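As provided, start_29.txt (compact mmCIF, C-alpha atoms) reads as follows.
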```txt
# COMPACT_ATOMS: atom_id res chain seq x y z
CA MET A 1 126.40 93.79 125.20
CA ASP A 2 128.38 93.90 121.92
CA GLY A 3 127.03 97.34 120.98
CA LYS A 4 124.50 96.14 118.40
CA ILE A 5 120.98 97.49 118.15
CA GLU A 6 118.69 94.97 116.46
CA ALA A 7 115.20 95.75 115.18
CA GLU A 8 112.96 92.75 114.54
CA THR A 9 109.43 92.74 113.17
CA LYS A 10 107.32 89.59 113.56
CA LEU A 11 104.50 88.98 111.12
CA THR A 12 101.57 86.71 111.94
CA GLY A 13 97.80 86.70 111.69
CA ILE A 14 94.91 85.27 109.69
CA LEU A 15 95.20 85.29 105.90
CA SER A 16 92.81 87.36 103.81
CA LEU A 17 91.13 84.90 101.44
CA GLY A 18 89.23 84.90 98.20
CA ALA A 19 86.63 82.45 96.96
CA LEU A 20 87.08 80.04 94.03
CA LEU A 21 84.45 78.34 91.92
CA PRO A 22 84.78 74.56 91.53
CA GLY A 23 87.72 73.86 89.23
CA GLU A 24 88.80 77.51 89.19
CA PHE A 25 92.45 78.55 89.59
CA ARG A 26 93.99 81.99 90.30
CA LYS A 27 97.61 82.60 89.35
CA TYR A 28 97.75 85.57 91.76
CA GLY A 29 97.52 83.42 94.86
CA THR A 30 97.82 80.01 96.51
CA MET A 31 94.93 77.57 96.92
CA ILE A 32 94.74 77.14 100.67
CA SER A 33 91.69 74.89 100.82
CA PRO A 34 89.08 73.71 98.31
CA GLY A 35 87.23 76.83 97.23
CA LEU A 36 89.65 79.25 98.96
CA TYR A 37 92.82 81.01 97.84
CA ALA A 38 95.18 83.49 99.52
CA PRO A 39 96.62 86.26 97.29
CA VAL A 40 100.35 86.87 97.02
CA HIS A 41 101.00 90.16 98.81
CA GLN A 42 103.62 92.38 100.44
CA HIS A 43 104.13 94.06 103.81
CA PHE A 44 106.30 97.16 104.31
CA PHE A 45 107.64 99.01 107.33
CA VAL A 46 109.65 102.21 107.72
CA ALA A 47 112.15 102.86 110.50
CA ARG A 48 112.96 106.53 111.10
CA MET A 49 116.30 106.88 112.90
CA ASP A 50 117.51 110.28 114.08
CA MET A 51 121.22 109.57 114.31
CA ALA A 52 123.70 111.44 116.50
CA VAL A 53 126.79 109.22 116.40
CA ASP A 54 129.42 110.34 118.91
CA CYS A 55 127.81 113.78 119.12
CA LYS A 56 127.44 115.90 122.24
CA PRO A 57 124.20 117.83 122.79
CA GLY A 58 123.89 120.52 120.17
CA GLU A 59 126.48 118.99 117.81
CA ALA A 60 125.68 117.78 114.28
CA PHE A 61 128.85 116.34 112.79
CA ASN A 62 127.58 113.24 110.98
CA GLN A 63 127.90 111.99 107.40
CA VAL A 64 126.73 108.86 105.55
CA VAL A 65 128.84 106.56 103.39
CA GLU A 66 127.70 103.62 101.28
CA VAL A 67 129.92 100.54 101.24
CA ASP A 68 129.99 97.96 98.43
CA VAL A 69 132.27 94.94 98.20
CA LYS A 70 133.78 94.68 94.70
CA VAL A 71 135.83 92.05 92.86
CA GLU A 72 139.32 93.13 91.79
CA GLU A 73 139.95 93.06 88.05
CA PRO A 74 142.20 90.17 86.88
CA GLY A 75 145.82 91.23 86.58
CA GLU A 76 148.91 91.89 88.65
CA LYS A 77 146.84 92.80 91.72
CA ASN A 78 144.68 89.68 91.39
CA VAL A 79 146.79 86.89 89.90
CA HIS A 80 144.70 84.18 91.57
CA ASN A 81 141.35 85.79 90.65
CA ASN A 82 140.12 85.72 94.24
CA ALA A 83 140.72 89.29 95.45
CA PHE A 84 137.92 91.60 96.53
CA TYR A 85 137.71 94.80 98.55
CA ALA A 86 135.26 97.21 100.20
CA GLU A 87 134.73 100.52 98.41
CA GLU A 88 133.16 103.53 100.10
CA ARG A 89 131.11 106.30 98.54
CA LEU A 90 130.14 109.45 100.41
CA LEU A 91 126.46 110.37 100.05
CA LYS A 92 126.64 114.16 99.89
CA SER A 93 123.03 115.14 99.23
CA GLU A 94 119.48 113.87 99.56
CA LEU A 95 119.08 112.90 95.90
CA GLU A 96 122.37 110.94 96.04
CA ALA A 97 121.11 109.11 99.12
CA MET A 98 118.04 107.47 97.53
CA ARG A 99 119.49 103.96 97.65
CA ASP A 100 118.48 100.29 97.42
CA CYS A 101 119.82 97.12 98.98
CA SER A 102 122.33 95.05 97.02
CA PRO A 103 123.02 91.66 98.64
CA LEU A 104 125.38 90.67 95.80
CA SER A 105 127.78 93.42 96.89
CA ALA A 106 127.08 93.12 100.65
CA ARG A 107 125.93 96.75 100.57
CA HIS A 108 125.58 98.58 103.86
CA TRP A 109 125.69 102.17 105.08
CA ILE A 110 127.76 103.83 107.80
CA VAL A 111 126.88 106.98 109.73
CA ARG A 112 130.13 108.56 110.89
CA ASN A 113 131.19 111.40 113.09
CA THR A 114 133.49 113.63 111.04
CA ARG A 115 135.38 114.96 114.08
CA ALA A 116 135.81 111.93 116.36
CA VAL A 117 138.36 109.18 115.74
CA ASN A 118 139.25 105.82 117.28
CA ARG A 119 142.70 104.60 118.29
CA THR A 120 143.69 103.90 114.66
CA GLY A 121 142.69 107.37 113.52
CA GLN A 122 139.55 106.24 111.69
CA LEU A 123 136.24 108.08 112.09
CA THR A 124 133.87 106.54 114.63
CA GLY A 125 130.56 105.27 113.31
CA TYR A 126 127.61 102.91 113.32
CA LYS A 127 126.57 100.91 110.28
CA LEU A 128 123.12 99.95 109.08
CA VAL A 129 123.08 96.29 108.06
CA PRO A 130 120.00 95.35 106.00
CA GLY A 131 118.18 92.10 106.52
CA SER A 132 116.06 90.37 103.88
CA ASN A 133 114.17 92.99 101.91
CA CYS A 134 112.19 93.75 98.77
CA LEU A 135 110.78 96.59 96.67
CA PRO A 136 107.12 97.06 95.70
CA LEU A 137 106.04 94.75 92.89
CA ALA A 138 103.98 97.33 91.07
CA GLY A 139 104.19 99.50 87.97
CA ALA A 140 105.41 103.08 88.23
CA GLU A 141 101.86 104.37 87.71
CA ALA A 142 100.28 102.31 90.49
CA LYS A 143 97.92 104.57 92.43
CA PHE A 144 99.11 103.55 95.89
CA LEU A 145 102.64 104.72 95.03
CA ARG A 146 101.37 108.31 94.75
CA ARG A 147 100.80 108.34 98.51
CA ALA A 148 103.42 105.75 99.44
CA SER A 149 106.21 106.88 97.12
CA PHE A 150 108.70 106.27 99.92
CA LEU A 151 108.45 102.57 99.02
CA LYS A 152 110.41 103.17 95.81
CA HIS A 153 113.75 102.96 97.66
CA ASN A 154 115.07 100.99 100.63
CA LEU A 155 117.05 103.92 102.05
CA TRP A 156 116.42 107.65 102.23
CA VAL A 157 118.56 110.17 104.11
CA THR A 158 117.47 113.66 105.15
CA PRO A 159 118.77 116.34 107.50
CA TYR A 160 116.65 116.64 110.63
CA ALA A 161 113.55 118.81 110.36
CA HIS A 162 111.01 118.99 113.19
CA ASP A 163 108.03 118.82 110.83
CA GLU A 164 109.29 115.82 108.81
CA MET A 165 108.12 112.94 110.95
CA PHE A 166 105.99 110.68 108.74
CA PRO A 167 107.29 109.22 105.44
CA GLY A 168 103.89 109.45 103.75
CA GLY A 169 103.08 112.89 105.12
CA GLU A 170 100.43 113.62 107.72
CA PHE A 171 97.10 111.77 107.34
CA PRO A 172 98.01 110.11 104.02
CA ASN A 173 94.72 108.17 103.80
CA GLN A 174 92.75 111.44 103.99
CA ASN A 175 95.06 113.41 101.74
CA PRO A 176 94.13 113.52 98.03
CA ARG A 177 97.25 115.47 97.07
CA VAL A 178 100.16 113.82 95.29
CA ASP A 179 103.81 113.93 96.36
CA GLU A 180 103.44 114.10 100.12
CA GLY A 181 106.22 113.00 102.45
CA LEU A 182 109.73 111.79 101.76
CA ALA A 183 109.67 111.97 97.97
CA THR A 184 108.78 115.66 98.21
CA TRP A 185 111.23 116.60 100.96
CA VAL A 186 114.28 115.18 99.19
CA LYS A 187 113.63 117.32 96.11
CA GLN A 188 115.22 120.16 98.09
CA ASN A 189 118.46 118.16 97.70
CA ARG A 190 119.81 119.45 101.02
CA SER A 191 123.39 118.77 102.01
CA LEU A 192 124.12 115.71 104.16
CA GLU A 193 127.67 116.69 105.16
CA GLU A 194 128.25 117.47 108.85
CA THR A 195 124.59 117.64 109.76
CA ASP A 196 121.99 115.99 111.98
CA ILE A 197 121.36 112.84 109.92
CA VAL A 198 117.97 111.09 109.74
CA LEU A 199 117.93 107.61 108.18
CA TRP A 200 114.69 106.25 106.75
CA TYR A 201 115.05 102.52 106.21
CA VAL A 202 112.20 100.84 104.31
CA PHE A 203 112.01 97.08 104.73
CA GLY A 204 109.44 94.56 103.64
CA VAL A 205 108.57 91.01 102.81
CA THR A 206 106.88 89.43 99.81
CA HIS A 207 104.52 86.80 101.18
CA VAL A 208 103.69 83.88 98.92
CA PRO A 209 101.17 82.03 101.12
CA ARG A 210 101.71 78.37 102.06
CA LEU A 211 99.25 75.80 103.28
CA GLU A 212 101.08 76.01 106.60
CA ASP A 213 100.00 79.65 106.89
CA TRP A 214 96.36 78.62 107.32
CA PRO A 215 94.37 79.14 109.47
CA VAL A 216 96.89 81.21 111.48
CA MET A 217 100.24 82.16 109.98
CA PRO A 218 103.32 81.18 112.04
CA VAL A 219 105.65 84.07 112.84
CA GLU A 220 107.90 85.34 110.04
CA ARG A 221 110.75 87.65 111.04
CA ILE A 222 112.28 90.58 109.17
CA GLY A 223 114.38 93.51 110.35
CA PHE A 224 117.81 95.10 110.37
CA MET A 225 120.75 95.89 112.65
CA LEU A 226 122.76 98.92 113.69
CA MET A 227 126.32 97.78 114.46
CA PRO A 228 129.31 99.72 115.82
CA HIS A 229 131.92 100.34 113.11
CA GLY A 230 135.09 101.71 114.67
CA PHE A 231 133.00 103.18 117.47
CA PHE A 232 134.82 101.09 120.10
CA ASN A 233 138.56 100.50 120.26
CA CYS A 234 138.03 96.76 120.69
CA SER A 235 135.17 94.32 121.24
CA PRO A 236 132.88 95.54 124.04
CA ALA A 237 131.72 91.96 124.59
CA VAL A 238 135.02 90.30 125.61
CA ASP A 239 134.53 91.03 129.33
CA VAL A 240 130.84 90.15 129.51
CA PRO A 241 130.37 87.86 132.55
CA PRO A 242 129.46 84.24 131.77
CA ASN A 243 125.95 83.00 132.32
CA ALA A 244 124.93 80.81 135.25
CA CYS A 245 125.29 77.54 133.31
CA GLU A 246 128.88 78.36 132.35
CA LEU A 247 129.75 79.27 135.94
CA GLU A 248 128.36 75.97 137.19
CA ALA A 249 130.34 74.03 134.57
CA LYS A 250 133.55 75.82 135.52
CA ASP A 251 132.88 75.17 139.20
CA ASN A 252 132.66 71.44 138.46
CA ASP A 253 135.87 71.55 136.41
CA VAL A 254 138.01 73.11 139.14
CA LYS A 255 137.26 70.28 141.56
CA ASP A 256 139.04 66.99 140.89
CA ASN A 257 139.05 64.27 143.62
CA GLY A 258 138.25 66.89 146.20
CA VAL A 259 141.25 69.03 145.28
CA VAL A 260 140.52 72.57 144.15
CA LYS A 261 142.45 73.61 141.01
CA PRO A 262 143.73 77.16 140.73
CA ILE A 263 141.93 79.34 138.17
CA LYS A 264 144.02 81.54 135.92
CA PRO A 265 143.11 85.24 136.17
CA VAL A 266 141.35 86.82 133.21
CA LEU A 267 142.30 90.33 132.10
CA PRO A 268 139.28 92.61 131.49
CA ALA A 269 139.03 94.38 128.18
CA LYS A 270 140.11 98.01 128.06
CA LEU A 271 138.07 100.05 125.63
```
Show how you would write the structure in this file as structure tokens.
Amino acid sequence: MDGKIEAETKLTGILSLGALLPGEFRKYGTMISPGLYAPVHQHFFVARMDMAVDCKPGEAFNQVVEVDVKVEEPGEKNVHNNAFYAEERLLKSELEAMRDCSPLSARHWIVRNTRAVNRTGQLTGYKLVPGSNCLPLAGAEAKFLRRASFLKHNLWVTPYAHDEMFPGGEFPNQNPRVDEGLATWVKQNRSLEETDIVLWYVFGVTHVPRLEDWPVMPVERIGFMLMPHGFFNCSPAVDVPPNACELEAKDNDVKDNGVVKPIKPVLPAKL
């Protein structure tokens, strides 16, 4: 009801185990039970989002900006050494838009409509807010990265193309060729200004197994959110009706010794 779109992936299942000889130890995993260990491993997912923020059918007036929060340099503008601000950077082309998460700077990305504004004159948009994430823990020459080269960055941005649907290319397990998918498409370095934007968000988790993950791993959650950023003129959630429990509590509050108390009217939000 507040305009957010939240994507959540839940990981569970039975660990893949390896055998240990008596007294043996493997630094690449966790001993789960005598004679058994579970390797440290990673899981990755890719969300392909064909954005059309505030666009009518047939329009393609979107752009992408990256936002980082930075600390102000000490001086006249920061006499107390506690000032910080959000700085935007327009991602103009595909090669500029190969980006990674940066939790230290609260990095996020905003897809904006370049021709629609809100009541303050700012461009309307939706922002991609990363959740917990990671990059592949492998050397640059790892063989799996030849087919899954899209794992090298957390964010990719491309203009829409009807034949660019799968980040690893079509049938990657059966394809012996190198450089299929996203890493090949972005070499065209197409413009990302006022176009039909496609976001490719790569998110993953590094799983260091615990004893509590055996025999069946409890659910672990990862994901991301799309949040309105100047898309509405005020909060779309302020006039959401209360739930049944709140209504019942209010009904009990208005009655005191059998006398009904008047309830003050509530003004609905105007968006």
Any chance you could tabulate, as CSV, the residues of stretch 121-215 of chain A at most 7 Å from stretch 101-113 of chain A with each one's nearest atom pair and distance in Å to one decimal, using all atoms listed in the file, in chain and rising number order?
```
residue,atom,partner,partner_atom,distance
A:Leu123,CA,A:Asn113,CA,6.1
A:Thr124,CA,A:Arg112,CA,5.7
A:Gly125,CA,A:Arg112,CA,4.1
A:Tyr126,CA,A:Val111,CA,5.5
A:Lys127,CA,A:Ile110,CA,4.0
A:Leu128,CA,A:Trp109,CA,5.2
A:Val129,CA,A:His108,CA,5.4
A:Pro130,CA,A:His108,CA,6.8
A:Asn154,CA,A:Cys101,CA,6.3
```
Export, as a PDB file, in the frame of the given file, the selected residues with C-alpha atoms.
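That gives us result-v6.pdb:
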```
ATOM      1  CA  LEU A 123     136.240 108.080 112.090  1.00  0.00           C
ATOM      2  CA  THR A 124     133.870 106.540 114.630  1.00  0.00           C
ATOM      3  CA  GLY A 125     130.560 105.270 113.310  1.00  0.00           C
ATOM      4  CA  TYR A 126     127.610 102.910 113.320  1.00  0.00           C
ATOM      5  CA  LYS A 127     126.570 100.910 110.280  1.00  0.00           C
ATOM      6  CA  LEU A 128     123.120  99.950 109.080  1.00  0.00           C
ATOM      7  CA  VAL A 129     123.080  96.290 108.060  1.00  0.00           C
ATOM      8  CA  PRO A 130     120.000  95.350 106.000  1.00  0.00           C
ATOM      9  CA  ASN A 154     115.070 100.990 100.630  1.00  0.00           C
TER      10      ASN A 154
END
```
| request: Could you give me, as a count of residues only, the residues within 8 Å of A:Ser132, counting only C-alpha atoms and dropping anything in the same chain fewer than 2 positions from it? | output: 7
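For the atom pair formed by atom CA of A:Tyr85 and atom CA of A:Lys70, the distance is 5.5 Å, given to one decimal.
Taking only C-alpha atoms into account, those protein, DNA and RNA residues with any atom at most 8 Å away from (127.5, 118.0, 104.0) amount to Gln63, Lys92, Ser93, Ser191, Leu192, Glu193, Glu194 and Thr195 of chain A.
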re atom CA of A:Arg221 and atom CA of A:Ile32: distance 21.8 Å
Please provide as a VMD selection string all residues within 7 Å of A:Trp200, with the sequence filter that same-chain residues fewer than 6 positions apart are discarded (counting only C-alpha atoms). chain A and resid 46 to 49 155 to 157
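With distances restricted to all atoms listed in the file, A:Pro215 is the closest residue to A:Leu36 from A:Pro167, A:Gly139, A:Gly181, A:Pro215.
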| task | Mind checking which residues fall within 12 Å of A:Arg147, counting all atoms listed in the file, ignoring those fewer than 3 positions away in the same chain, and posting them as a VMD selection string? | result | chain A and resid 141 to 144 150 to 152 166 to 184
Counting all atoms listed in the file, closest pick from A:Val216, A:Val202, A:Leu247, A:Val117 relative to A:Gly13 is A:Val216
Taken to one decimal, the atom CA of A:Tyr201-atom CA of A:Gly230 distance is 21.8 Å
